[in-house]
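S.K.: Input file: start.cif. Contents: mmCIF, C-alpha atoms.
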```
data_entry
#
loop_
_atom_site.group_PDB
_atom_site.id
_atom_site.type_symbol
_atom_site.label_atom_id
_atom_site.label_comp_id
_atom_site.auth_asym_id
_atom_site.auth_seq_id
_atom_site.Cartn_x
_atom_site.Cartn_y
_atom_site.Cartn_z
ATOM 1 C CA MET A 1 -37.455 10.386 28.617
ATOM 2 C CA ALA A 2 -33.888 9.157 28.066
ATOM 3 C CA ARG A 3 -32.987 8.133 24.559
ATOM 4 C CA LYS A 4 -32.470 4.413 24.135
ATOM 5 C CA ALA A 5 -28.798 3.444 23.715
ATOM 6 C CA ALA A 6 -27.752 3.026 20.112
ATOM 7 C CA LEU A 7 -27.305 -0.490 18.818
ATOM 8 C CA ILE A 8 -23.918 -1.137 17.249
ATOM 9 C CA VAL A 9 -23.304 -4.335 15.328
ATOM 10 C CA TYR A 10 -19.791 -5.741 15.276
ATOM 11 C CA LEU A 11 -19.356 -8.145 12.375
ATOM 12 C CA GLY A 12 -16.008 -9.853 12.745
ATOM 13 C CA PRO A 13 -13.766 -12.311 14.581
ATOM 14 C CA SER A 14 -14.086 -13.000 18.300
ATOM 15 C CA ILE A 15 -10.418 -12.238 18.925
ATOM 16 C CA ALA A 16 -11.179 -8.510 18.658
ATOM 17 C CA LEU A 17 -14.486 -8.606 20.583
ATOM 18 C CA PRO A 18 -12.885 -7.624 23.941
ATOM 19 C CA THR A 19 -11.379 -4.597 22.179
ATOM 20 C CA VAL A 20 -14.791 -3.492 20.890
ATOM 21 C CA GLN A 21 -16.421 -4.095 24.266
ATOM 22 C CA ARG A 22 -13.759 -2.083 26.082
ATOM 23 C CA ILE A 23 -14.111 0.927 23.785
ATOM 24 C CA ILE A 24 -17.910 0.977 23.658
ATOM 25 C CA GLY A 25 -18.417 0.265 27.350
ATOM 26 C CA GLU A 26 -21.813 1.523 28.482
ATOM 27 C CA ARG A 27 -22.153 4.104 25.711
ATOM 28 C CA ALA A 28 -24.048 1.807 23.341
ATOM 29 C CA THR A 29 -25.583 -1.629 23.030
ATOM 30 C CA LEU A 30 -23.372 -4.122 21.227
ATOM 31 C CA ALA A 31 -24.344 -7.147 19.138
ATOM 32 C CA HIS A 32 -21.624 -9.437 17.783
ATOM 33 C CA PHE A 33 -21.748 -11.790 14.795
ATOM 34 C CA GLU A 34 -18.831 -13.603 13.189
ATOM 35 C CA GLY A 35 -20.476 -13.947 9.779
ATOM 36 C CA ASP A 36 -23.674 -13.691 7.806
ATOM 37 C CA SER A 37 -26.745 -15.145 9.501
ATOM 38 C CA GLU A 38 -30.425 -14.462 9.929
ATOM 39 C CA GLN A 39 -29.700 -13.089 13.400
ATOM 40 C CA PHE A 40 -27.141 -10.669 11.962
ATOM 41 C CA ARG A 41 -29.608 -9.456 9.332
ATOM 42 C CA LEU A 42 -32.321 -8.928 11.943
ATOM 43 C CA ALA A 43 -29.975 -6.963 14.206
ATOM 44 C CA LEU A 44 -28.789 -4.814 11.306
ATOM 45 C CA ARG A 45 -32.360 -3.658 10.670
ATOM 46 C CA THR A 46 -32.363 -1.662 13.925
ATOM 47 C CA ALA A 47 -28.645 -0.890 14.235
ATOM 48 C CA GLU A 48 -27.320 2.669 14.084
ATOM 49 C CA GLY A 49 -23.737 1.600 13.489
ATOM 50 C CA LEU A 50 -21.929 -1.296 11.841
ATOM 51 C CA ILE A 51 -18.283 -2.235 12.348
ATOM 52 C CA ASP A 52 -17.270 -4.608 9.571
ATOM 53 C CA ALA A 53 -14.154 -6.634 10.322
ATOM 54 C CA SER A 54 -15.357 -9.778 8.585
ATOM 55 C CA LEU A 55 -14.833 -8.397 5.073
ATOM 56 C CA MET A 56 -16.568 -11.525 3.783
ATOM 57 C CA VAL A 57 -20.250 -10.563 3.963
ATOM 58 C CA ARG A 58 -21.567 -8.751 0.895
ATOM 59 C CA LEU A 59 -23.158 -5.576 2.229
ATOM 60 C CA ASN A 60 -25.211 -4.869 -0.875
ATOM 61 C CA ALA A 61 -28.048 -2.430 -1.451
ATOM 62 C CA SER A 62 -30.706 -5.058 -0.795
ATOM 63 C CA LEU A 63 -29.319 -5.825 2.650
ATOM 64 C CA LEU A 64 -28.483 -2.233 3.583
ATOM 65 C CA ASP A 65 -31.864 -0.904 2.450
ATOM 66 C CA ARG A 66 -33.493 -2.811 5.300
ATOM 67 C CA ALA A 67 -31.239 -1.098 7.858
ATOM 68 C CA ARG A 68 -33.484 1.935 8.308
ATOM 69 C CA ASN A 69 -31.710 3.287 11.395
ATOM 70 C CA LEU A 70 -28.182 2.876 10.064
ATOM 71 C CA ARG A 71 -26.109 6.066 10.299
ATOM 72 C CA ALA A 72 -22.508 4.899 10.031
ATOM 73 C CA VAL A 73 -20.432 1.985 8.708
ATOM 74 C CA THR A 74 -16.743 1.499 9.359
ATOM 75 C CA CYS A 75 -14.637 -1.143 7.619
ATOM 76 C CA ALA A 76 -11.618 -2.497 9.471
ATOM 77 C CA GLY A 77 -9.698 -3.086 6.252
ATOM 78 C CA THR A 78 -8.455 -1.363 3.121
ATOM 79 C CA GLY A 79 -10.502 -3.310 0.581
ATOM 80 C CA SER A 80 -14.187 -2.432 0.565
ATOM 81 C CA ASP A 81 -15.404 -3.753 -2.784
ATOM 82 C CA HIS A 82 -17.830 -5.995 -0.860
ATOM 83 C CA ILE A 83 -19.688 -2.898 0.390
ATOM 84 C CA ASP A 84 -22.110 -0.870 -1.763
ATOM 85 C CA GLY A 85 -20.513 2.517 -1.182
ATOM 86 C CA PRO A 86 -22.742 4.440 -3.621
ATOM 87 C CA PHE A 87 -25.830 3.175 -1.803
ATOM 88 C CA LEU A 88 -24.450 4.312 1.553
ATOM 89 C CA SER A 89 -23.705 7.716 0.057
ATOM 90 C CA SER A 90 -27.205 8.001 -1.411
ATOM 91 C CA ARG A 91 -28.677 7.387 2.028
ATOM 92 C CA GLY A 92 -26.322 9.819 3.756
ATOM 93 C CA ILE A 93 -24.701 7.048 5.773
ATOM 94 C CA MET A 94 -21.154 7.800 6.883
ATOM 95 C CA PHE A 95 -18.620 5.285 5.587
ATOM 96 C CA SER A 96 -14.970 4.917 6.501
ATOM 97 C CA SER A 97 -12.281 2.314 5.823
ATOM 98 C CA LEU A 98 -8.586 2.094 6.660
ATOM 99 C CA ARG A 99 -7.506 2.775 3.117
ATOM 100 C CA ASP A 100 -6.225 6.298 3.733
ATOM 101 C CA ASN A 101 -4.944 5.748 7.272
ATOM 102 C CA THR A 102 -1.303 5.580 6.264
ATOM 103 C CA ALA A 103 0.185 5.826 9.746
ATOM 104 C CA LEU A 104 -1.813 2.877 11.057
ATOM 105 C CA LEU A 105 -1.361 0.749 7.955
ATOM 106 C CA GLU A 106 2.411 1.133 7.981
ATOM 107 C CA GLU A 107 2.388 -0.951 11.173
ATOM 108 C CA PHE A 108 0.711 -3.890 9.414
ATOM 109 C CA THR A 109 3.105 -6.254 7.625
ATOM 110 C CA GLY A 110 1.098 -9.490 7.613
ATOM 111 C CA ALA A 111 0.014 -9.399 3.956
ATOM 112 C CA ALA A 112 3.546 -8.662 2.771
ATOM 113 C CA GLU A 113 4.899 -11.451 4.967
ATOM 114 C CA LEU A 114 2.404 -13.932 3.536
ATOM 115 C CA SER A 115 3.291 -12.811 0.017
ATOM 116 C CA TRP A 116 6.888 -13.679 0.758
ATOM 117 C CA ALA A 117 5.966 -16.989 2.371
ATOM 118 C CA LEU A 118 3.969 -17.962 -0.719
ATOM 119 C CA LEU A 119 6.778 -16.820 -2.992
ATOM 120 C CA MET A 120 9.303 -18.999 -1.187
ATOM 121 C CA ALA A 121 6.938 -21.965 -0.934
ATOM 122 C CA CYS A 122 6.270 -21.805 -4.671
ATOM 123 C CA GLY A 123 9.888 -21.249 -5.612
ATOM 124 C CA ARG A 124 11.174 -24.169 -3.517
ATOM 125 C CA ARG A 125 8.242 -26.509 -4.337
ATOM 126 C CA LEU A 126 7.603 -26.770 -0.612
ATOM 127 C CA VAL A 127 4.193 -28.453 -0.802
ATOM 128 C CA GLU A 128 5.394 -31.087 -3.268
ATOM 129 C CA ALA A 129 8.558 -31.836 -1.307
ATOM 130 C CA SER A 130 6.663 -32.186 1.974
ATOM 131 C CA GLN A 131 4.030 -34.439 0.426
ATOM 132 C CA ASP A 132 6.764 -36.601 -1.090
ATOM 133 C CA VAL A 133 8.425 -37.130 2.284
ATOM 134 C CA LEU A 134 5.099 -38.056 3.883
ATOM 135 C CA ALA A 135 4.554 -40.565 1.065
ATOM 136 C CA GLY A 136 7.675 -42.406 2.243
ATOM 137 C CA HIS A 137 10.293 -40.943 -0.099
ATOM 138 C CA TRP A 138 13.479 -38.955 0.448
ATOM 139 C CA ARG A 139 14.281 -37.624 -3.014
ATOM 140 C CA ARG A 140 15.870 -34.190 -2.851
ATOM 141 C CA GLU A 141 17.064 -34.555 -6.446
ATOM 142 C CA GLN A 142 13.422 -34.430 -7.545
ATOM 143 C CA PHE A 143 12.986 -30.921 -6.161
ATOM 144 C CA ALA A 144 16.051 -29.002 -7.256
ATOM 145 C CA THR A 145 15.062 -25.364 -7.811
ATOM 146 C CA ALA A 146 16.757 -22.043 -8.507
ATOM 147 C CA ALA A 147 17.844 -19.776 -5.664
ATOM 148 C CA LEU A 148 16.252 -16.348 -5.293
ATOM 149 C CA ARG A 149 19.531 -14.470 -5.468
ATOM 150 C CA SER A 150 19.983 -12.510 -8.730
ATOM 151 C CA LYS A 151 16.457 -13.320 -9.935
ATOM 152 C CA THR A 152 14.062 -10.524 -10.925
ATOM 153 C CA LEU A 153 11.081 -9.784 -8.700
ATOM 154 C CA GLY A 154 8.394 -7.712 -10.423
ATOM 155 C CA LEU A 155 5.926 -5.842 -8.231
ATOM 156 C CA ILE A 156 2.566 -4.804 -9.659
ATOM 157 C CA GLY A 157 1.666 -2.100 -7.172
ATOM 158 C CA CYS A 158 4.386 -0.251 -5.281
ATOM 159 C CA GLY A 159 2.410 1.237 -2.424
ATOM 160 C CA ARG A 160 2.742 0.192 1.212
ATOM 161 C CA LEU A 161 2.685 -3.582 0.686
ATOM 162 C CA GLY A 162 4.703 -3.509 -2.511
ATOM 163 C CA ARG A 163 7.418 -1.508 -0.754
ATOM 164 C CA GLN A 164 7.502 -3.990 2.120
ATOM 165 C CA VAL A 165 7.890 -6.930 -0.261
ATOM 166 C CA ALA A 166 10.610 -5.005 -2.099
ATOM 167 C CA LEU A 167 12.631 -4.887 1.118
ATOM 168 C CA TYR A 168 12.383 -8.663 1.461
ATOM 169 C CA GLY A 169 13.480 -9.096 -2.145
ATOM 170 C CA GLU A 170 16.452 -6.828 -1.607
ATOM 171 C CA ALA A 171 17.441 -8.761 1.517
ATOM 172 C CA PHE A 172 17.488 -11.966 -0.544
ATOM 173 C CA GLY A 173 19.682 -10.421 -3.210
ATOM 174 C CA MET A 174 16.994 -10.122 -5.865
ATOM 175 C CA ARG A 175 16.670 -7.449 -8.517
ATOM 176 C CA VAL A 176 13.440 -5.641 -7.669
ATOM 177 C CA THR A 177 11.378 -3.921 -10.372
ATOM 178 C CA GLY A 178 7.931 -2.365 -10.173
ATOM 179 C CA TYR A 179 4.970 -0.929 -12.022
ATOM 180 C CA ASP A 180 2.531 1.537 -10.498
ATOM 181 C CA PRO A 181 1.085 4.552 -12.336
ATOM 182 C CA LEU A 182 -0.327 6.003 -9.105
ATOM 183 C CA VAL A 183 2.766 6.163 -6.903
ATOM 184 C CA ASP A 184 4.523 9.520 -6.608
ATOM 185 C CA PRO A 185 7.264 9.984 -5.547
ATOM 186 C CA TRP A 186 8.709 6.714 -6.759
ATOM 187 C CA PRO A 187 10.145 4.581 -3.927
ATOM 188 C CA GLN A 188 13.851 3.969 -3.689
ATOM 189 C CA GLY A 189 15.133 0.447 -4.213
ATOM 190 C CA ILE A 190 12.623 -0.434 -6.944
ATOM 191 C CA GLU A 191 13.524 -0.105 -10.628
ATOM 192 C CA ARG A 192 10.578 1.477 -12.433
ATOM 193 C CA ARG A 193 9.143 -0.468 -15.377
ATOM 194 C CA THR A 194 6.197 -0.260 -17.747
ATOM 195 C CA PHE A 195 3.522 -2.877 -17.237
ATOM 196 C CA ASP A 196 4.542 -4.748 -20.393
ATOM 197 C CA ASP A 197 8.232 -4.716 -19.476
ATOM 198 C CA LEU A 198 7.497 -6.039 -16.003
ATOM 199 C CA ILE A 199 5.244 -8.830 -17.288
ATOM 200 C CA GLU A 200 7.809 -9.939 -19.843
ATOM 201 C CA GLY A 201 10.956 -9.543 -17.756
ATOM 202 C CA SER A 202 10.209 -10.968 -14.299
ATOM 203 C CA ASP A 203 11.018 -14.355 -12.783
ATOM 204 C CA TYR A 204 8.609 -13.693 -9.921
ATOM 205 C CA ILE A 205 5.552 -11.415 -10.027
ATOM 206 C CA SER A 206 3.767 -10.266 -6.880
ATOM 207 C CA ILE A 207 0.519 -8.267 -7.039
ATOM 208 C CA HIS A 208 -0.348 -5.488 -4.567
ATOM 209 C CA VAL A 209 -3.174 -3.366 -6.014
ATOM 210 C CA HIS A 210 -6.700 -2.390 -5.053
ATOM 211 C CA LEU A 211 -9.537 -3.770 -7.145
ATOM 212 C CA SER A 212 -10.819 -1.111 -9.531
ATOM 213 C CA PRO A 213 -12.128 -0.949 -13.103
ATOM 214 C CA GLU A 214 -8.513 -0.469 -14.209
ATOM 215 C CA THR A 215 -7.133 -3.494 -12.329
ATOM 216 C CA ARG A 216 -9.996 -5.961 -12.788
ATOM 217 C CA GLY A 217 -8.766 -8.742 -15.054
ATOM 218 C CA MET A 218 -5.417 -7.036 -15.613
ATOM 219 C CA LEU A 219 -3.714 -10.430 -15.869
ATOM 220 C CA SER A 220 -5.494 -12.389 -18.578
ATOM 221 C CA GLU A 221 -4.572 -14.778 -21.377
ATOM 222 C CA ASP A 222 -2.400 -12.280 -23.259
ATOM 223 C CA GLU A 223 -0.377 -11.306 -20.182
ATOM 224 C CA PHE A 224 0.262 -14.931 -19.212
ATOM 225 C CA ARG A 225 1.362 -15.721 -22.760
ATOM 226 C CA ARG A 226 3.966 -12.935 -22.617
ATOM 227 C CA MET A 227 5.487 -13.989 -19.291
ATOM 228 C CA ARG A 228 8.798 -15.786 -19.164
ATOM 229 C CA PRO A 229 8.335 -19.566 -19.231
ATOM 230 C CA GLY A 230 8.530 -20.737 -15.622
ATOM 231 C CA THR A 231 7.368 -17.479 -14.007
ATOM 232 C CA ILE A 232 6.035 -17.666 -10.441
ATOM 233 C CA LEU A 233 2.968 -15.551 -9.619
ATOM 234 C CA ILE A 234 1.801 -14.392 -6.177
ATOM 235 C CA ASN A 235 -1.459 -12.571 -5.457
ATOM 236 C CA THR A 236 -2.527 -11.329 -2.027
ATOM 237 C CA SER A 237 -4.526 -8.335 -3.285
ATOM 238 C CA ARG A 238 -7.913 -9.208 -4.843
ATOM 239 C CA GLY A 239 -8.880 -12.294 -6.785
ATOM 240 C CA ALA A 240 -10.658 -10.516 -9.635
ATOM 241 C CA VAL A 241 -7.369 -8.928 -10.708
ATOM 242 C CA ILE A 242 -6.559 -12.281 -12.359
ATOM 243 C CA ASP A 243 -8.434 -14.252 -15.005
ATOM 244 C CA GLU A 244 -8.418 -17.576 -13.178
ATOM 245 C CA LYS A 245 -9.061 -19.680 -16.285
ATOM 246 C CA ALA A 246 -6.063 -18.097 -17.983
ATOM 247 C CA LEU A 247 -3.960 -18.779 -14.883
ATOM 248 C CA ILE A 248 -4.973 -22.444 -14.858
ATOM 249 C CA ASP A 249 -4.128 -22.762 -18.551
ATOM 250 C CA ALA A 250 -0.737 -21.126 -17.957
ATOM 251 C CA LEU A 251 0.026 -23.582 -15.152
ATOM 252 C CA GLU A 252 -0.980 -26.543 -17.259
ATOM 253 C CA ASP A 253 1.140 -25.546 -20.243
ATOM 254 C CA GLY A 254 4.168 -24.625 -18.125
ATOM 255 C CA GLN A 255 4.168 -20.900 -18.784
ATOM 256 C CA LEU A 256 3.704 -20.529 -15.033
ATOM 257 C CA PHE A 257 5.972 -22.640 -12.852
ATOM 258 C CA ALA A 258 3.776 -22.081 -9.800
ATOM 259 C CA ALA A 259 1.270 -19.683 -8.242
ATOM 260 C CA GLY A 260 0.346 -18.734 -4.694
ATOM 261 C CA LEU A 261 -3.078 -17.141 -4.233
ATOM 262 C CA ASP A 262 -4.464 -15.772 -0.980
ATOM 263 C CA VAL A 263 -7.430 -14.272 -2.840
ATOM 264 C CA LEU A 264 -9.922 -15.670 -5.337
ATOM 265 C CA THR A 265 -12.662 -14.287 -7.539
ATOM 266 C CA ASN A 266 -15.270 -16.213 -5.542
ATOM 267 C CA GLU A 267 -14.706 -16.290 -1.795
ATOM 268 C CA PRO A 268 -15.167 -18.738 -0.296
ATOM 269 C CA PRO A 269 -14.770 -20.919 -3.386
ATOM 270 C CA ALA A 270 -16.900 -23.967 -4.070
ATOM 271 C CA MET A 271 -15.019 -27.244 -4.177
ATOM 272 C CA SER A 272 -16.361 -27.623 -7.703
ATOM 273 C CA ASP A 273 -14.757 -24.360 -8.876
ATOM 274 C CA ALA A 274 -12.060 -24.831 -11.489
ATOM 275 C CA ILE A 275 -9.454 -23.075 -9.352
ATOM 276 C CA THR A 276 -9.953 -25.351 -6.335
ATOM 277 C CA GLN A 277 -10.023 -28.436 -8.542
ATOM 278 C CA CYS A 278 -6.734 -27.325 -10.086
ATOM 279 C CA ALA A 279 -5.143 -26.836 -6.656
ATOM 280 C CA ARG A 280 -6.201 -30.329 -5.566
ATOM 281 C CA ASP A 281 -4.588 -31.845 -8.653
ATOM 282 C CA ASN A 282 -1.550 -29.573 -8.915
ATOM 283 C CA PRO A 283 0.592 -28.899 -5.794
ATOM 284 C CA ARG A 284 2.252 -25.996 -7.602
ATOM 285 C CA LEU A 285 -0.938 -23.994 -7.084
ATOM 286 C CA ILE A 286 -1.165 -22.976 -3.425
ATOM 287 C CA LEU A 287 -4.416 -21.491 -2.130
ATOM 288 C CA THR A 288 -4.853 -19.813 1.261
ATOM 289 C CA PRO A 289 -8.061 -18.339 2.774
ATOM 290 C CA HIS A 290 -7.531 -14.578 2.314
ATOM 291 C CA TYR A 291 -5.707 -14.321 5.615
ATOM 292 C CA GLY A 292 -2.679 -12.289 4.589
ATOM 293 C CA GLY A 293 -3.512 -9.311 6.783
ATOM 294 C CA PHE A 294 -5.217 -11.428 9.416
ATOM 295 C CA THR A 295 -2.737 -11.277 12.269
ATOM 296 C CA THR A 296 -3.947 -10.802 15.832
ATOM 297 C CA ASP A 297 -2.068 -7.513 16.175
ATOM 298 C CA ALA A 298 -3.480 -6.065 12.971
ATOM 299 C CA VAL A 299 -7.044 -7.253 13.584
ATOM 300 C CA CYS A 300 -7.231 -5.781 17.083
ATOM 301 C CA ALA A 301 -5.599 -2.493 16.074
ATOM 302 C CA SER A 302 -7.778 -2.009 12.995
ATOM 303 C CA VAL A 303 -10.963 -2.917 14.866
ATOM 304 C CA ALA A 304 -10.054 -0.512 17.665
ATOM 305 C CA HIS A 305 -9.582 2.306 15.168
ATOM 306 C CA SER A 306 -12.838 1.503 13.371
ATOM 307 C CA THR A 307 -14.776 1.317 16.637
ATOM 308 C CA GLU A 308 -13.426 4.635 17.900
ATOM 309 C CA LYS A 309 -14.286 6.345 14.616
ATOM 310 C CA LEU A 310 -17.798 4.934 14.514
ATOM 311 C CA LEU A 311 -18.539 5.793 18.134
ATOM 312 C CA THR A 312 -17.183 9.330 17.756
ATOM 313 C CA PHE A 313 -19.414 9.914 14.738
ATOM 314 C CA LEU A 314 -22.536 8.518 16.368
ATOM 315 C CA GLN A 315 -22.049 10.585 19.522
ATOM 316 C CA ALA A 316 -21.351 13.757 17.556
ATOM 317 C CA THR A 317 -24.511 13.362 15.455
ATOM 318 C CA LYS A 318 -27.085 12.418 18.081
#
```
Go ahead and render the structure in this file as structure tokens.
M.R.:
Amino acid sequence: MARKAALIVYLGPSIALPTVQRIIGERATLAHFEGDSEQFRLALRTAEGLIDASLMVRLNASLLDRARNLRAVTCAGTGSDHIDGPFLSSRGIMFSSLRDNTALLEEFTGAAELSWALLMACGRRLVEASQDVLAGHWRREQFATAALRSKTLGLIGCGRLGRQVALYGEAFGMRVTGYDPLVDPWPQGIERRTFDDLIEGSDYISIHVHLSPETRGMLSEDEFRRMRPGTILINTSRGAVIDEKALIDALEDGQLFAAGLDVLTNEPPAMSDAITQCARDNPRLILTPHYGGFTTDAVCASVAHSTEKLLTFLQATK
């Protein structure tokens, strides 16, 4: 009797669904869900493989424990702190992300591009100026700001994304400095600094690190206090790297001139959260929905890679 085709669950955006369908073809049964739902949870209970391109559903031990047939999980992203990796390992479930796929990741520039867009929007008070025009004013003198040229850009994290942002800074005539204890060899074009020196000596700070015990809360009240008055902060890495209360306090007392955040500690945030309330009241805090790396090219390419890897594993371990 022929073995029933494996069920593979694709959890992610519809724009990459044709890619998944093309690769899987007739070799497995496919179920697609864009986010968490009762239907997704029911399907996961009988699935042998899971392709996670949502990156927003917490795949914790409680949820995964019910997936008795699960043999492999692939994550179409570099950040996997939403997945209980130790639980997968304890159950012998194969897990793979894009974190170590350097060749593929080098093609993805979306997160670095958004970092730069946020940096420029914050530096030129773009939201405030636009809102002022729409309110019936035309007051350029209200929004005079410093140019980027000759200012110091400090990069916390000088891996792939940090290096890409460094190139943008160099193109705009900025002095680019960086801190990263894990990078070796050190990249050209970035002046190496200690963490303290970078915090205290930068006009702009852009964060590009993975979330880990070492980076969680690395920018807290003390770090904000030691920044130059009027510093601009950009974060497209992980929200928990920053103490959000300390950031709000620094904005309110002027230590921070502005901040652009694509990531938050709680995603999605509640409208009652302090950080969202601050952004509603203060146009110098710009929030975006964790979409830095979410370009159509990157999504389809990363999902294709994750699907191929999952399917290869499942077929090799029948």
S.K.: Could you list, as JSON, numbers by chain, every residue matched by the PyMOL selection byres ((chain A and resi 49) around 8) in this structure?
M.R.: {"A": [6, 7, 8, 9, 47, 48, 50, 51, 70, 71, 72, 73, 310, 314]}
S.K.: Using all atoms listed in the file, which residue out of A:Ala316, A:Leu311, A:Ile207, A:Cys300 lies closest to Arg27 in chain A?
M.R.: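 Once distances to Arg27 in chain A are computed over all atoms listed in the file, the minimum belongs to A:Leu311.
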S.K.: Can you spell out as a list of chain:residue names the set of residues that the PyMOL selection byres ((chain A and resi 206) around 7) selects in the structure I just provided?
M.R.: A:Gly154, A:Leu155, A:Ile156, A:Tyr204, A:Ile205, A:Ile207, A:His208, A:Leu233, A:Ile234, A:Asn235
S.K.: Tell me, in Å to one decimal, how far CA of Ala259 in chain A is from CA of Asp297 in chain A.
M.R.: 27.5 Å
S.K.: Measure the distance from CA of Val263 in chain A to CA of Asp243 in chain A in Å and round it to one decimal.
M.R.: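 Separating CA of Val263 in chain A from CA of Asp243 in chain A is a distance of 12.2 Å.
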S.K.: Decode the PyMOL selection byres ((chain A and resi 267-284) around 12) for the given file into explicit residues and return them as a PyMOL selection string.
M.R.: chain A and resi 55-58+82+118-132+143+230-234+238-240+242-252+254+256-266+285-291
S.K.: Quick one: distance from CA of Phe313 in chain A to CA of Ala5 in chain A in Å, one decimal?
M.R.: 14.5 Å
S.K.: Please list, as a PyMOL selection string, the residues that have an atom at most 12 Å away from (1.6, -4.0, 6.4) in the coordinates of this file, counting only C-alpha atoms.
M.R.: chain A and resi 77-78+98-99+101-115+159-165+208+236+292-295+297-299+302
